[in-house]
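S.K.: Below you'll find upload15.csv; it's CSV, C-alpha atoms.
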```csv
chain,number,residue,atom,x,y,z
A,10,MET,CA,-76.2,17.8,-91.3
A,11,ILE,CA,-77.6,14.4,-90.6
A,12,SER,CA,-76.5,13.8,-87.0
A,13,PHE,CA,-75.5,10.5,-85.6
A,14,ILE,CA,-77.8,11.1,-82.7
A,15,ASP,CA,-80.3,14.0,-82.1
A,16,LEU,CA,-81.0,14.4,-78.4
A,17,LYS,CA,-82.3,17.9,-78.9
A,18,LYS,CA,-85.1,16.6,-81.1
A,19,GLU,CA,-85.9,14.0,-78.4
A,20,TYR,CA,-86.2,16.6,-75.7
A,21,GLN,CA,-88.4,18.8,-77.9
A,22,LEU,CA,-90.8,15.9,-78.2
A,23,LEU,CA,-90.7,15.1,-74.5
A,24,CYS,CA,-90.5,18.5,-72.8
A,25,LYS,CA,-94.2,18.7,-72.0
A,26,GLU,CA,-93.9,15.5,-70.1
A,27,LEU,CA,-90.5,16.1,-68.5
A,28,ASP,CA,-90.6,19.8,-67.5
A,29,PRO,CA,-93.3,19.5,-64.8
A,30,LEU,CA,-91.7,16.4,-63.3
A,31,ILE,CA,-88.3,18.1,-63.1
A,32,ARG,CA,-89.7,21.3,-61.7
A,33,ASN,CA,-91.6,19.3,-59.0
A,34,ILE,CA,-88.4,17.5,-57.9
A,35,LEU,CA,-86.5,20.7,-57.7
A,36,GLU,CA,-89.3,22.3,-55.6
A,37,ASN,CA,-89.5,19.3,-53.3
A,38,GLY,CA,-85.8,19.4,-52.7
A,39,PHE,CA,-85.2,15.6,-52.4
A,40,PHE,CA,-82.7,14.4,-54.9
A,41,VAL,CA,-81.1,11.0,-53.9
A,42,LEU,CA,-82.8,7.6,-53.4
A,43,GLY,CA,-86.3,8.7,-53.1
A,44,ASN,CA,-89.7,7.7,-54.6
A,45,GLU,CA,-88.7,8.3,-58.2
A,46,VAL,CA,-85.8,5.9,-58.0
A,47,GLU,CA,-88.0,3.3,-56.2
A,48,GLU,CA,-90.8,3.6,-58.7
A,49,PHE,CA,-88.4,3.4,-61.7
A,50,GLU,CA,-86.7,0.3,-60.2
A,51,GLU,CA,-90.1,-1.4,-59.9
A,52,GLU,CA,-91.2,-0.3,-63.4
A,53,PHE,CA,-87.9,-1.4,-64.9
A,54,SER,CA,-88.2,-4.8,-63.2
A,55,GLN,CA,-91.6,-5.3,-64.7
A,56,TYR,CA,-90.4,-4.3,-68.1
A,57,ILE,CA,-87.4,-6.7,-68.1
A,58,GLY,CA,-89.3,-9.4,-66.3
A,59,VAL,CA,-87.1,-9.7,-63.2
A,60,LYS,CA,-87.8,-9.6,-59.5
A,61,LYS,CA,-85.3,-6.9,-58.5
A,62,SER,CA,-83.7,-3.8,-60.1
A,63,ILE,CA,-81.0,-1.6,-58.4
A,64,GLY,CA,-80.4,1.9,-59.8
A,65,VAL,CA,-76.8,3.0,-59.8
A,66,ASN,CA,-74.6,5.8,-61.1
A,67,SER,CA,-73.7,4.3,-64.5
A,68,GLY,CA,-73.4,1.2,-66.6
A,69,SER,CA,-69.7,1.0,-65.6
A,70,ASP,CA,-70.7,0.9,-61.9
A,71,ALA,CA,-73.4,-1.6,-62.7
A,72,LEU,CA,-70.8,-4.0,-64.1
A,73,PHE,CA,-68.3,-3.3,-61.4
A,74,LEU,CA,-70.8,-3.8,-58.6
A,75,ALA,CA,-72.3,-6.9,-60.2
A,76,ILE,CA,-68.9,-8.6,-60.2
A,77,LYS,CA,-68.1,-7.4,-56.7
A,78,SER,CA,-71.4,-8.7,-55.3
A,79,LEU,CA,-70.4,-12.2,-56.6
A,80,LYS,CA,-67.2,-12.1,-54.5
A,81,ILE,CA,-65.0,-12.4,-57.6
A,82,GLY,CA,-61.6,-10.9,-57.1
A,83,ILE,CA,-57.8,-11.5,-57.0
A,84,GLY,CA,-56.8,-14.8,-58.6
A,85,ASP,CA,-60.2,-15.3,-60.3
A,86,GLU,CA,-60.9,-15.2,-64.1
A,87,ILE,CA,-63.9,-14.0,-66.1
A,88,ILE,CA,-64.4,-15.0,-69.7
A,89,THR,CA,-65.5,-12.1,-71.9
A,90,VAL,CA,-64.9,-10.4,-75.3
A,91,SER,CA,-62.5,-7.8,-76.5
A,92,HIS,CA,-64.9,-6.2,-79.0
A,93,THR,CA,-66.9,-4.1,-76.6
A,94,PHE,CA,-66.7,-0.8,-74.8
A,95,ILE,CA,-63.8,-0.8,-72.4
A,96,SER,CA,-65.9,-0.5,-69.3
A,97,THR,CA,-66.9,-4.2,-69.7
A,98,VAL,CA,-63.3,-5.2,-69.1
A,99,ASP,CA,-62.5,-2.4,-66.7
A,100,ALA,CA,-65.2,-3.8,-64.3
A,101,ILE,CA,-63.3,-7.1,-64.2
A,102,VAL,CA,-59.9,-5.6,-63.6
A,103,ARG,CA,-61.2,-3.1,-61.0
A,104,ASN,CA,-62.3,-6.1,-58.9
A,105,GLY,CA,-58.8,-7.6,-59.1
A,106,ALA,CA,-59.8,-10.4,-61.5
A,107,LYS,CA,-58.3,-11.3,-64.8
A,108,PRO,CA,-60.2,-11.0,-68.1
A,109,VAL,CA,-59.9,-13.9,-70.5
A,110,PHE,CA,-60.9,-13.0,-74.0
A,111,VAL,CA,-62.6,-15.2,-76.5
A,112,ASP,CA,-63.4,-14.3,-80.1
A,113,ILE,CA,-66.7,-13.1,-81.5
A,114,ASP,CA,-69.2,-14.5,-84.0
A,115,PRO,CA,-68.5,-13.1,-87.4
A,116,GLU,CA,-72.2,-12.4,-88.1
A,117,THR,CA,-73.6,-11.0,-84.8
A,118,TYR,CA,-70.3,-9.6,-83.5
A,119,CYS,CA,-71.3,-11.1,-80.1
A,120,MET,CA,-69.4,-13.7,-78.1
A,121,ASP,CA,-68.7,-16.9,-80.0
A,122,VAL,CA,-70.0,-19.5,-77.7
A,123,SER,CA,-68.0,-22.3,-79.3
A,124,LYS,CA,-64.8,-20.6,-78.1
A,125,ILE,CA,-65.6,-20.6,-74.4
A,126,GLU,CA,-65.3,-24.1,-73.0
A,127,LYS,CA,-61.6,-24.5,-73.8
A,128,ASN,CA,-60.9,-21.4,-71.8
A,129,ILE,CA,-62.5,-22.6,-68.6
A,130,ASN,CA,-60.2,-23.7,-65.8
A,131,LYS,CA,-60.2,-23.9,-62.0
A,132,ASN,CA,-59.8,-20.1,-61.7
A,133,THR,CA,-62.8,-19.3,-63.9
A,134,LYS,CA,-65.7,-17.8,-61.9
A,135,ALA,CA,-68.0,-16.2,-64.5
A,136,ILE,CA,-68.9,-15.6,-68.1
A,137,LEU,CA,-69.5,-11.9,-68.8
A,138,THR,CA,-71.2,-11.7,-72.2
A,139,VAL,CA,-72.1,-8.6,-74.1
A,140,HIS,CA,-75.3,-8.0,-76.1
A,141,LEU,CA,-73.5,-5.8,-78.6
A,142,TYR,CA,-75.1,-3.2,-80.8
A,143,GLY,CA,-78.6,-4.3,-79.6
A,144,HIS,CA,-78.3,-7.9,-80.8
A,145,PRO,CA,-78.6,-10.6,-78.1
A,146,VAL,CA,-76.0,-13.3,-77.5
A,147,ASP,CA,-77.1,-16.9,-78.0
A,148,LEU,CA,-77.9,-17.4,-74.3
A,149,ASP,CA,-79.1,-21.0,-74.0
A,150,PRO,CA,-75.7,-22.6,-74.7
A,151,LEU,CA,-74.1,-20.0,-72.4
A,152,ARG,CA,-76.5,-20.9,-69.6
A,153,GLU,CA,-75.7,-24.6,-70.2
A,154,LEU,CA,-72.0,-24.0,-70.0
A,155,ALA,CA,-72.4,-21.8,-66.8
A,156,ASN,CA,-74.5,-24.6,-65.2
A,157,LYS,CA,-72.1,-27.3,-66.3
A,158,TYR,CA,-69.1,-25.7,-64.7
A,159,GLY,CA,-70.7,-23.8,-61.8
A,160,LEU,CA,-70.1,-20.4,-63.3
A,161,PHE,CA,-72.0,-17.1,-62.9
A,162,LEU,CA,-73.5,-15.7,-66.1
A,163,ILE,CA,-73.4,-11.9,-66.2
A,164,GLU,CA,-75.1,-10.1,-69.0
A,165,ASP,CA,-73.8,-6.7,-70.2
A,166,ALA,CA,-77.0,-5.4,-71.7
A,167,CYS,CA,-75.8,-1.8,-71.8
A,168,GLN,CA,-76.6,-1.6,-75.5
A,169,ALA,CA,-79.7,-3.8,-75.5
A,170,HIS,CA,-82.6,-2.2,-73.7
A,171,GLY,CA,-85.7,-4.1,-74.8
A,172,ALA,CA,-83.8,-6.7,-77.0
A,173,GLU,CA,-85.2,-10.2,-76.7
A,174,TYR,CA,-83.8,-13.7,-76.7
A,175,ASN,CA,-86.5,-16.3,-77.6
A,176,GLY,CA,-89.1,-13.9,-76.4
A,177,ASP,CA,-87.5,-12.9,-73.1
A,178,LYS,CA,-85.9,-9.5,-72.4
A,179,VAL,CA,-82.1,-9.7,-72.2
A,180,GLY,CA,-80.6,-8.9,-68.9
A,181,GLY,CA,-82.9,-11.1,-67.0
A,182,VAL,CA,-81.7,-14.5,-68.3
A,183,GLY,CA,-78.4,-14.7,-66.4
A,184,ASP,CA,-77.6,-14.4,-62.8
A,185,ILE,CA,-77.2,-10.6,-63.1
A,186,GLY,CA,-77.9,-8.1,-65.9
A,187,CYS,CA,-76.3,-4.7,-66.3
A,188,PHE,CA,-77.7,-1.7,-68.1
A,189,SER,CA,-76.4,1.8,-68.9
A,190,PHE,CA,-78.5,4.9,-69.2
A,191,TYR,CA,-75.9,7.0,-70.9
A,192,PRO,CA,-77.7,9.7,-73.0
A,193,THR,CA,-77.2,8.0,-76.3
A,194,LYS,CA,-78.5,4.6,-75.3
A,195,ASN,CA,-81.9,3.3,-76.5
A,196,LEU,CA,-83.1,4.3,-73.0
A,197,GLY,CA,-80.9,7.2,-72.0
A,198,ALA,CA,-80.8,9.6,-69.1
A,199,TYR,CA,-79.8,13.3,-69.4
A,200,GLY,CA,-76.6,12.4,-67.6
A,201,ASP,CA,-75.1,9.2,-66.3
A,202,GLY,CA,-77.1,6.3,-64.9
A,203,GLY,CA,-77.3,2.6,-64.7
A,204,MET,CA,-79.2,-0.4,-63.5
A,205,ILE,CA,-78.5,-3.9,-62.2
A,206,VAL,CA,-81.2,-6.5,-62.5
A,207,THR,CA,-81.5,-10.0,-60.8
A,208,ASN,CA,-83.9,-12.6,-59.6
A,209,ASN,CA,-81.8,-13.3,-56.6
A,210,HIS,CA,-83.2,-11.6,-53.5
A,211,GLU,CA,-80.0,-11.9,-51.5
A,212,LEU,CA,-77.9,-10.4,-54.3
A,213,ALA,CA,-80.3,-7.5,-54.6
A,214,VAL,CA,-80.1,-6.7,-50.9
A,215,LYS,CA,-76.3,-6.8,-51.1
A,216,LEU,CA,-76.2,-4.6,-54.2
A,217,LYS,CA,-78.4,-2.0,-52.7
A,218,MET,CA,-75.9,-1.8,-49.8
A,219,LEU,CA,-72.9,-1.8,-52.1
A,220,ARG,CA,-74.2,1.2,-54.0
A,221,ASN,CA,-74.6,3.2,-50.8
A,222,TYR,CA,-71.3,2.7,-48.8
A,223,GLY,CA,-72.3,-0.8,-47.6
A,224,GLN,CA,-74.9,0.6,-45.3
A,225,THR,CA,-77.8,-1.3,-43.7
A,226,GLU,CA,-79.0,2.0,-42.3
A,227,LYS,CA,-77.5,5.5,-42.1
A,228,TYR,CA,-74.1,5.4,-40.5
A,229,TYR,CA,-74.2,1.6,-40.0
A,230,HIS,CA,-71.8,-0.1,-42.5
A,231,ASP,CA,-71.6,-3.9,-42.8
A,232,PHE,CA,-68.9,-3.9,-45.5
A,233,ILE,CA,-67.1,-1.5,-47.8
A,234,GLY,CA,-69.2,-0.2,-50.6
A,235,ILE,CA,-69.1,2.8,-52.9
A,236,ASN,CA,-71.2,5.9,-53.7
A,237,SER,CA,-73.1,4.8,-56.8
A,238,ARG,CA,-76.7,6.0,-56.6
A,239,LEU,CA,-79.1,6.8,-59.4
A,240,ASP,CA,-80.5,10.3,-58.6
A,241,GLU,CA,-84.1,11.3,-58.5
A,242,LEU,CA,-83.9,13.6,-61.5
A,243,GLN,CA,-82.6,11.0,-63.8
A,244,ALA,CA,-85.0,8.4,-62.5
A,245,ALA,CA,-88.0,10.7,-63.2
A,246,ILE,CA,-86.7,11.3,-66.7
A,247,LEU,CA,-86.1,7.6,-67.3
A,248,ARG,CA,-89.6,6.8,-66.1
A,249,VAL,CA,-91.1,9.0,-68.8
A,250,LYS,CA,-88.8,7.6,-71.5
A,251,LEU,CA,-89.4,4.0,-70.5
A,252,LYS,CA,-93.0,4.4,-71.7
A,253,HIS,CA,-91.7,5.3,-75.1
A,254,LEU,CA,-88.9,2.7,-75.4
A,255,ASP,CA,-90.8,0.0,-77.3
A,256,SER,CA,-92.1,2.5,-79.9
A,257,TRP,CA,-88.6,3.9,-80.2
A,258,ASN,CA,-87.1,0.5,-80.6
A,259,ASN,CA,-89.7,-0.4,-83.3
A,260,ARG,CA,-88.7,2.8,-85.2
A,261,ARG,CA,-85.0,1.7,-85.0
A,262,ARG,CA,-86.0,-1.7,-86.4
A,263,ASN,CA,-88.0,0.0,-89.2
A,264,ILE,CA,-85.0,2.2,-90.0
A,265,ALA,CA,-82.8,-0.9,-90.1
A,266,LYS,CA,-85.2,-2.5,-92.5
A,267,ILE,CA,-85.1,0.5,-94.9
A,268,TYR,CA,-81.3,0.5,-94.8
A,269,ASP,CA,-81.3,-3.3,-95.4
A,270,GLU,CA,-83.4,-2.9,-98.5
A,271,LEU,CA,-81.6,0.2,-100.0
A,272,LEU,CA,-78.1,-1.1,-99.3
A,273,LEU,CA,-78.7,-4.7,-100.3
A,274,ASP,CA,-76.7,-4.5,-103.6
A,275,CYS,CA,-73.9,-2.4,-102.2
A,276,ASP,CA,-70.4,-3.7,-101.5
A,277,LEU,CA,-71.2,-4.0,-97.8
A,278,ILE,CA,-71.7,-6.5,-95.1
A,279,LEU,CA,-75.0,-5.6,-93.4
A,280,PRO,CA,-76.1,-6.5,-89.9
A,281,ILE,CA,-78.2,-9.6,-89.4
A,282,GLU,CA,-80.9,-10.7,-86.9
A,283,GLN,CA,-80.7,-14.3,-85.8
A,284,SER,CA,-83.9,-16.4,-85.4
A,285,TYR,CA,-83.6,-16.4,-81.6
A,286,ALA,CA,-83.2,-12.6,-81.5
A,287,LYS,CA,-85.1,-9.4,-81.4
A,288,HIS,CA,-82.5,-6.9,-82.4
A,289,VAL,CA,-83.1,-3.3,-81.1
A,290,TYR,CA,-80.4,-1.7,-83.3
A,291,HIS,CA,-78.7,0.5,-80.7
A,292,LEU,CA,-76.3,0.8,-83.6
A,293,TYR,CA,-76.7,-0.1,-87.3
A,294,VAL,CA,-73.3,-1.4,-88.1
A,295,ILE,CA,-72.1,-2.1,-91.7
A,296,ARG,CA,-68.7,-3.4,-92.8
A,297,ASN,CA,-66.5,-2.4,-95.7
A,298,LYS,CA,-62.8,-2.9,-96.3
A,299,LYS,CA,-62.4,0.8,-97.3
A,300,ARG,CA,-64.2,2.0,-94.2
A,301,GLU,CA,-62.1,5.1,-93.7
A,302,ILE,CA,-62.7,6.3,-97.3
A,303,LEU,CA,-66.4,5.8,-97.0
A,304,LYS,CA,-66.6,7.5,-93.6
A,305,ASN,CA,-64.8,10.6,-95.0
A,306,LYS,CA,-66.9,10.7,-98.1
A,307,LEU,CA,-70.1,10.7,-96.0
A,308,LEU,CA,-68.7,13.4,-93.7
A,309,ARG,CA,-68.2,15.6,-96.8
A,310,GLU,CA,-71.9,15.1,-97.5
A,311,ASP,CA,-72.7,16.3,-93.9
A,312,ILE,CA,-73.5,12.7,-92.7
A,313,GLN,CA,-72.1,11.8,-89.3
A,314,THR,CA,-70.9,8.2,-88.7
A,315,GLN,CA,-68.9,6.6,-85.9
A,316,ILE,CA,-66.7,3.6,-85.4
A,317,HIS,CA,-67.6,1.2,-82.5
A,318,TYR,CA,-64.9,0.2,-81.8
A,319,PRO,CA,-61.7,0.8,-83.8
A,320,ILE,CA,-59.2,-0.8,-81.3
A,321,PRO,CA,-60.2,-4.0,-79.4
A,322,VAL,CA,-59.6,-3.9,-75.6
A,323,HIS,CA,-56.8,-6.5,-75.7
A,324,LYS,CA,-54.8,-4.1,-77.9
A,325,GLN,CA,-55.4,-1.0,-75.9
A,326,LYS,CA,-52.3,0.6,-74.3
A,327,SER,CA,-54.0,0.4,-70.9
A,328,TYR,CA,-54.2,-3.4,-71.1
A,329,SER,CA,-50.7,-4.0,-72.3
A,330,VAL,CA,-50.0,-5.1,-68.7
A,331,LEU,CA,-51.9,-8.3,-69.4
A,332,LYS,CA,-48.9,-9.5,-71.6
A,333,SER,CA,-51.0,-12.1,-73.3
A,334,ASN,CA,-50.9,-12.9,-76.9
A,335,TYR,CA,-54.5,-13.4,-77.7
A,336,ASN,CA,-55.4,-14.9,-81.1
A,337,LEU,CA,-58.7,-13.2,-82.0
A,338,PRO,CA,-58.8,-13.0,-85.8
A,339,VAL,CA,-62.5,-12.2,-86.1
A,340,THR,CA,-62.3,-9.4,-83.6
A,341,ASP,CA,-59.3,-7.9,-85.3
A,342,LYS,CA,-60.9,-8.1,-88.8
A,343,ILE,CA,-64.2,-6.7,-87.6
A,344,CYS,CA,-62.5,-3.7,-85.9
A,345,SER,CA,-60.9,-2.7,-89.1
A,346,GLU,CA,-64.1,-2.7,-91.2
A,347,ILE,CA,-67.0,-1.6,-89.1
A,348,LEU,CA,-68.9,1.7,-89.5
A,349,SER,CA,-72.0,2.8,-87.6
A,350,LEU,CA,-74.6,4.7,-89.6
A,351,PRO,CA,-77.1,7.2,-88.2
A,352,ASN,CA,-79.9,5.2,-86.6
A,353,HIS,CA,-82.1,6.9,-84.1
A,354,PRO,CA,-85.9,7.2,-83.8
A,355,TRP,CA,-86.0,10.8,-85.0
A,356,LEU,CA,-84.5,10.2,-88.4
A,357,THR,CA,-86.9,10.7,-91.3
A,358,ASP,CA,-87.4,8.2,-94.1
A,359,GLU,CA,-86.0,10.9,-96.4
A,360,GLN,CA,-82.8,11.2,-94.4
A,361,ILE,CA,-82.4,7.4,-94.4
A,362,ILE,CA,-82.8,7.3,-98.2
A,363,HIS,CA,-80.3,10.2,-98.6
A,364,VAL,CA,-77.7,8.4,-96.4
A,365,SER,CA,-78.2,5.2,-98.5
A,366,GLU,CA,-77.9,7.1,-101.8
A,367,MET,CA,-74.7,8.7,-100.6
A,368,ILE,CA,-73.3,5.3,-99.6
A,369,THR,CA,-74.3,3.9,-103.0
A,370,ASN,CA,-72.6,6.8,-104.8
A,371,ALA,CA,-69.5,6.4,-102.7
A,372,ILE,CA,-68.9,2.6,-103.1
A,373,GLY,CA,-71.4,1.4,-105.7
```
Now that the file is in, can you turn its structure into structure tokens?

M.R.:
Amino acid sequence: MISFIDLKKEYQLLCKELDPLIRNILENGFFVLGNEVEEFEEEFSQYIGVKKSIGVNSGSDALFLAIKSLKIGIGDEIITVSHTFISTVDAIVRNGAKPVFVDIDPETYCMDVSKIEKNINKNTKAILTVHLYGHPVDLDPLRELANKYGLFLIEDACQAHGAEYNGDKVGGVGDIGCFSFYPTKNLGAYGDGGMIVTNNHELAVKLKMLRNYGQTEKYYHDFIGINSRLDELQAAILRVKLKHLDSWNNRRRNIAKIYDELLLDCDLILPIEQSYAKHVYHLYVIRNKKREILKNKLLREDIQTQIHYPIPVHKQKSYSVLKSNYNLPVTDKICSEILSLPNHPWLTDEQIIHVSEMITNAIG
């Protein structure tokens, strides 16, 4: 079986580094908001190139708290995309605001910047863009639009740890960036975890309070917050993994290059990397009109694939309450054709070649 992700292999390679750290934390008996979290927040800030990082419980909470910290709520609108994991949009709705969907670029599958301006009105407060699959959004025109209309720019970088836009790490370009450390991410915990990054000191202070019941100090609460704290065990694990992230991303890029070469002549649309981007290939996503047939043929050859994401958010049952007839033709087309191939740092070249051969045999 060629697995879509192999976290067991990852742990086998890291156990000598991880086990003593985990044992030390267990023996010390301090598990929440301690030195490991503080050290990881500082190291992550340095890696992304921002002033402040705030560790939270998940990428979903990172997005939710980012919006909450900007005082966006009932009656406000946030422009975003429908082709994303649902937590992007959930974060908007959980704050009482309305998501306004724009279509995606047919090559990068990220937000189509040209579709944004006509959707801006007096209720628009922010643009929430997604660096999907590890490829950055075209951020300069987004920043220009945000500045022109006085909007916040929020980066959902939950799939883009280490990706770069014109040489800068994504997440640190907008007002706030959000990351997920779900185990399958390029930088993943062994459980849930997330991070919010910003260069705004006041926002950082507020976010640290929001993640911990709105406290300034224990039992003194300035406003209503939530319990969303990155724990010491996950922070220690992530500190170790952060040291390997660049090499793991480089391996993902190498795998993508092999796929590109071997699948070039197949009846597929392959992922691209724009000139402004450093793609970290959280997912290697191909397109084919007979996606389901291909997926089933590969499964019969013991090759796991996945679909990210088969149903866009605006067509989900949970969002039928929006009662809006969105015209998102690129989103709809993409969702019917995409297929994610195995692409993780522990794949061998032989496995990549085998996957490519099976795809070639299946579709020619």

S.K.: Please provide as an mmCIF file with C-alpha atoms, in the frame of the given file all residues within 7 Å of stretch 138-143 of chain A, with the sequence filter that same-chain residues fewer than 2 positions apart are discarded (counting all atoms listed in the file).

M.R.:
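Result file around_4.cif:
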```cif
data_model
loop_
_atom_site.group_PDB
_atom_site.id
_atom_site.type_symbol
_atom_site.label_atom_id
_atom_site.label_comp_id
_atom_site.auth_asym_id
_atom_site.auth_seq_id
_atom_site.Cartn_x
_atom_site.Cartn_y
_atom_site.Cartn_z
ATOM 1 C CA THR A 89 -65.500 -12.100 -71.900
ATOM 2 C CA TYR A 118 -70.300 -9.600 -83.500
ATOM 3 C CA CYS A 119 -71.300 -11.100 -80.100
ATOM 4 C CA MET A 120 -69.400 -13.700 -78.100
ATOM 5 C CA ILE A 136 -68.900 -15.600 -68.100
ATOM 6 C CA PRO A 145 -78.600 -10.600 -78.100
ATOM 7 C CA VAL A 146 -76.000 -13.300 -77.500
ATOM 8 C CA ILE A 163 -73.400 -11.900 -66.200
ATOM 9 C CA GLU A 164 -75.100 -10.100 -69.000
ATOM 10 C CA ASP A 165 -73.800 -6.700 -70.200
ATOM 11 C CA ALA A 166 -77.000 -5.400 -71.700
ATOM 12 C CA GLN A 168 -76.600 -1.600 -75.500
ATOM 13 C CA ALA A 169 -79.700 -3.800 -75.500
ATOM 14 C CA ALA A 172 -83.800 -6.700 -77.000
ATOM 15 C CA HIS A 288 -82.500 -6.900 -82.400
ATOM 16 C CA VAL A 289 -83.100 -3.300 -81.100
ATOM 17 C CA TYR A 290 -80.400 -1.700 -83.300
ATOM 18 C CA HIS A 291 -78.700 0.500 -80.700
ATOM 19 C CA LEU A 292 -76.300 0.800 -83.600
#
```

S.K.: Just checking: using only C-alpha atoms, which residue out of A:Ile76, A:Leu137, A:Thr369, A:Leu162 ends up closest to A:Asp149?

M.R.: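 Under the stated criterion, the closest residue is A:Leu162.
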
S.K.: Quick one: of A:Ile205, A:Leu337, A:Ile362, A:Leu273, who's nearest to A:Pro115, counting only C-alpha atoms?

M.R.: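 Residue with the minimum atom-to-atom distance to A:Pro115: A:Leu337.
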
S.K.: Return the single residue from A:Gly68, A:Gly171, A:Gly82, A:Gly58 that is closest to A:Asp201, with distances computed using all atoms listed in the file.

M.R.: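 Looking only at the distances to A:Asp201, the closest residue turns out to be A:Gly68.
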
S.K.: Skipping near chain neighbours, those fewer than 3 positions away, what residues fall within 10 Å of stretch 318-328 of chain A using only C-alpha atoms, listed as number ranges by chain?

M.R.: A: 90-99, 102, 108-110, 315, 331-335, 337, 340-341, 343-349

S.K.: Measuring between only C-alpha atoms, which one of A:Gly234, A:Gly197, A:Gly183, A:Pro338 shows the shortest distance to A:Asn209?

M.R.: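 Checking each candidate against A:Asn209, we get A:Gly183 as the closest.
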
S.K.: Please, what distance in Å, to one decimal, runs between atom CA of A:Gln313 and atom CA of A:Leu23?

M.R.: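 Between these atoms lies a distance of 24.0 Å.
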
S.K.: As an exercise, work out the distance from atom CA of A:Lys215 to atom CA of A:Leu42 in Å and give it to one decimal place.

M.R.: 16.0 Å

S.K.: Can you tell me, as number ranges by chain, what residues are no more than 10 Å from A:Asp255 when counting only C-alpha atoms, ignoring any on the same chain fewer than 2 positions away?

M.R.: A: 170-172, 195-196, 250-253, 257-261, 289

S.K.: The selected residues should be written to file as a PDB file, in the frame of the given file (atoms: C-alpha atoms).

M.R.:
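File written: out.pdb
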```pdb
ATOM      1  CA  HIS A 170     -82.600  -2.200 -73.700  1.00  0.00           C
ATOM      2  CA  GLY A 171     -85.700  -4.100 -74.800  1.00  0.00           C
ATOM      3  CA  ALA A 172     -83.800  -6.700 -77.000  1.00  0.00           C
ATOM      4  CA  ASN A 195     -81.900   3.300 -76.500  1.00  0.00           C
ATOM      5  CA  LEU A 196     -83.100   4.300 -73.000  1.00  0.00           C
ATOM      6  CA  LYS A 250     -88.800   7.600 -71.500  1.00  0.00           C
ATOM      7  CA  LEU A 251     -89.400   4.000 -70.500  1.00  0.00           C
ATOM      8  CA  LYS A 252     -93.000   4.400 -71.700  1.00  0.00           C
ATOM      9  CA  HIS A 253     -91.700   5.300 -75.100  1.00  0.00           C
ATOM     10  CA  TRP A 257     -88.600   3.900 -80.200  1.00  0.00           C
ATOM     11  CA  ASN A 258     -87.100   0.500 -80.600  1.00  0.00           C
ATOM     12  CA  ASN A 259     -89.700  -0.400 -83.300  1.00  0.00           C
ATOM     13  CA  ARG A 260     -88.700   2.800 -85.200  1.00  0.00           C
ATOM     14  CA  ARG A 261     -85.000   1.700 -85.000  1.00  0.00           C
ATOM     15  CA  VAL A 289     -83.100  -3.300 -81.100  1.00  0.00           C
TER      16      VAL A 289
END
```

S.K.: Do you have the atom CA of A:His210-atom CA of A:Tyr174 distance handy?

M.R.: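 Taking atom CA of A:His210 and atom CA of A:Tyr174, their separation equals 23.3 Å.
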
S.K.: Within 12 Å of (-76.6, 7.4, -95.0) in the file's own coordinates, which protein, DNA or RNA residues have an atom, counting only C-alpha atoms? List them as a CSV table (one decimal) with C-alpha atoms, in the coordinates of the input.

M.R.:
```
chain,number,residue,atom,x,y,z
A,10,MET,CA,-76.2,17.8,-91.3
A,11,ILE,CA,-77.6,14.4,-90.6
A,12,SER,CA,-76.5,13.8,-87.0
A,13,PHE,CA,-75.5,10.5,-85.6
A,264,ILE,CA,-85.0,2.2,-90.0
A,265,ALA,CA,-82.8,-0.9,-90.1
A,267,ILE,CA,-85.1,0.5,-94.9
A,268,TYR,CA,-81.3,0.5,-94.8
A,269,ASP,CA,-81.3,-3.3,-95.4
A,271,LEU,CA,-81.6,0.2,-100.0
A,272,LEU,CA,-78.1,-1.1,-99.3
A,293,TYR,CA,-76.7,-0.1,-87.3
A,294,VAL,CA,-73.3,-1.4,-88.1
A,295,ILE,CA,-72.1,-2.1,-91.7
A,303,LEU,CA,-66.4,5.8,-97.0
A,304,LYS,CA,-66.6,7.5,-93.6
A,306,LYS,CA,-66.9,10.7,-98.1
A,307,LEU,CA,-70.1,10.7,-96.0
A,308,LEU,CA,-68.7,13.4,-93.7
A,309,ARG,CA,-68.2,15.6,-96.8
A,310,GLU,CA,-71.9,15.1,-97.5
A,311,ASP,CA,-72.7,16.3,-93.9
A,312,ILE,CA,-73.5,12.7,-92.7
A,313,GLN,CA,-72.1,11.8,-89.3
A,314,THR,CA,-70.9,8.2,-88.7
A,315,GLN,CA,-68.9,6.6,-85.9
A,348,LEU,CA,-68.9,1.7,-89.5
A,349,SER,CA,-72.0,2.8,-87.6
A,350,LEU,CA,-74.6,4.7,-89.6
A,351,PRO,CA,-77.1,7.2,-88.2
A,352,ASN,CA,-79.9,5.2,-86.6
A,356,LEU,CA,-84.5,10.2,-88.4
A,357,THR,CA,-86.9,10.7,-91.3
A,358,ASP,CA,-87.4,8.2,-94.1
A,359,GLU,CA,-86.0,10.9,-96.4
A,360,GLN,CA,-82.8,11.2,-94.4
A,361,ILE,CA,-82.4,7.4,-94.4
A,362,ILE,CA,-82.8,7.3,-98.2
A,363,HIS,CA,-80.3,10.2,-98.6
A,364,VAL,CA,-77.7,8.4,-96.4
A,365,SER,CA,-78.2,5.2,-98.5
A,366,GLU,CA,-77.9,7.1,-101.8
A,367,MET,CA,-74.7,8.7,-100.6
A,368,ILE,CA,-73.3,5.3,-99.6
A,369,THR,CA,-74.3,3.9,-103.0
A,370,ASN,CA,-72.6,6.8,-104.8
A,371,ALA,CA,-69.5,6.4,-102.7
```

S.K.: Find the residues with any atom within 7 Å of (-71.1, -2.9, -104.0); use only C-alpha atoms and the coordinates as given in the file, and write the answer as a ChimeraX atom specification.

M.R.: /A:274-277,372-373
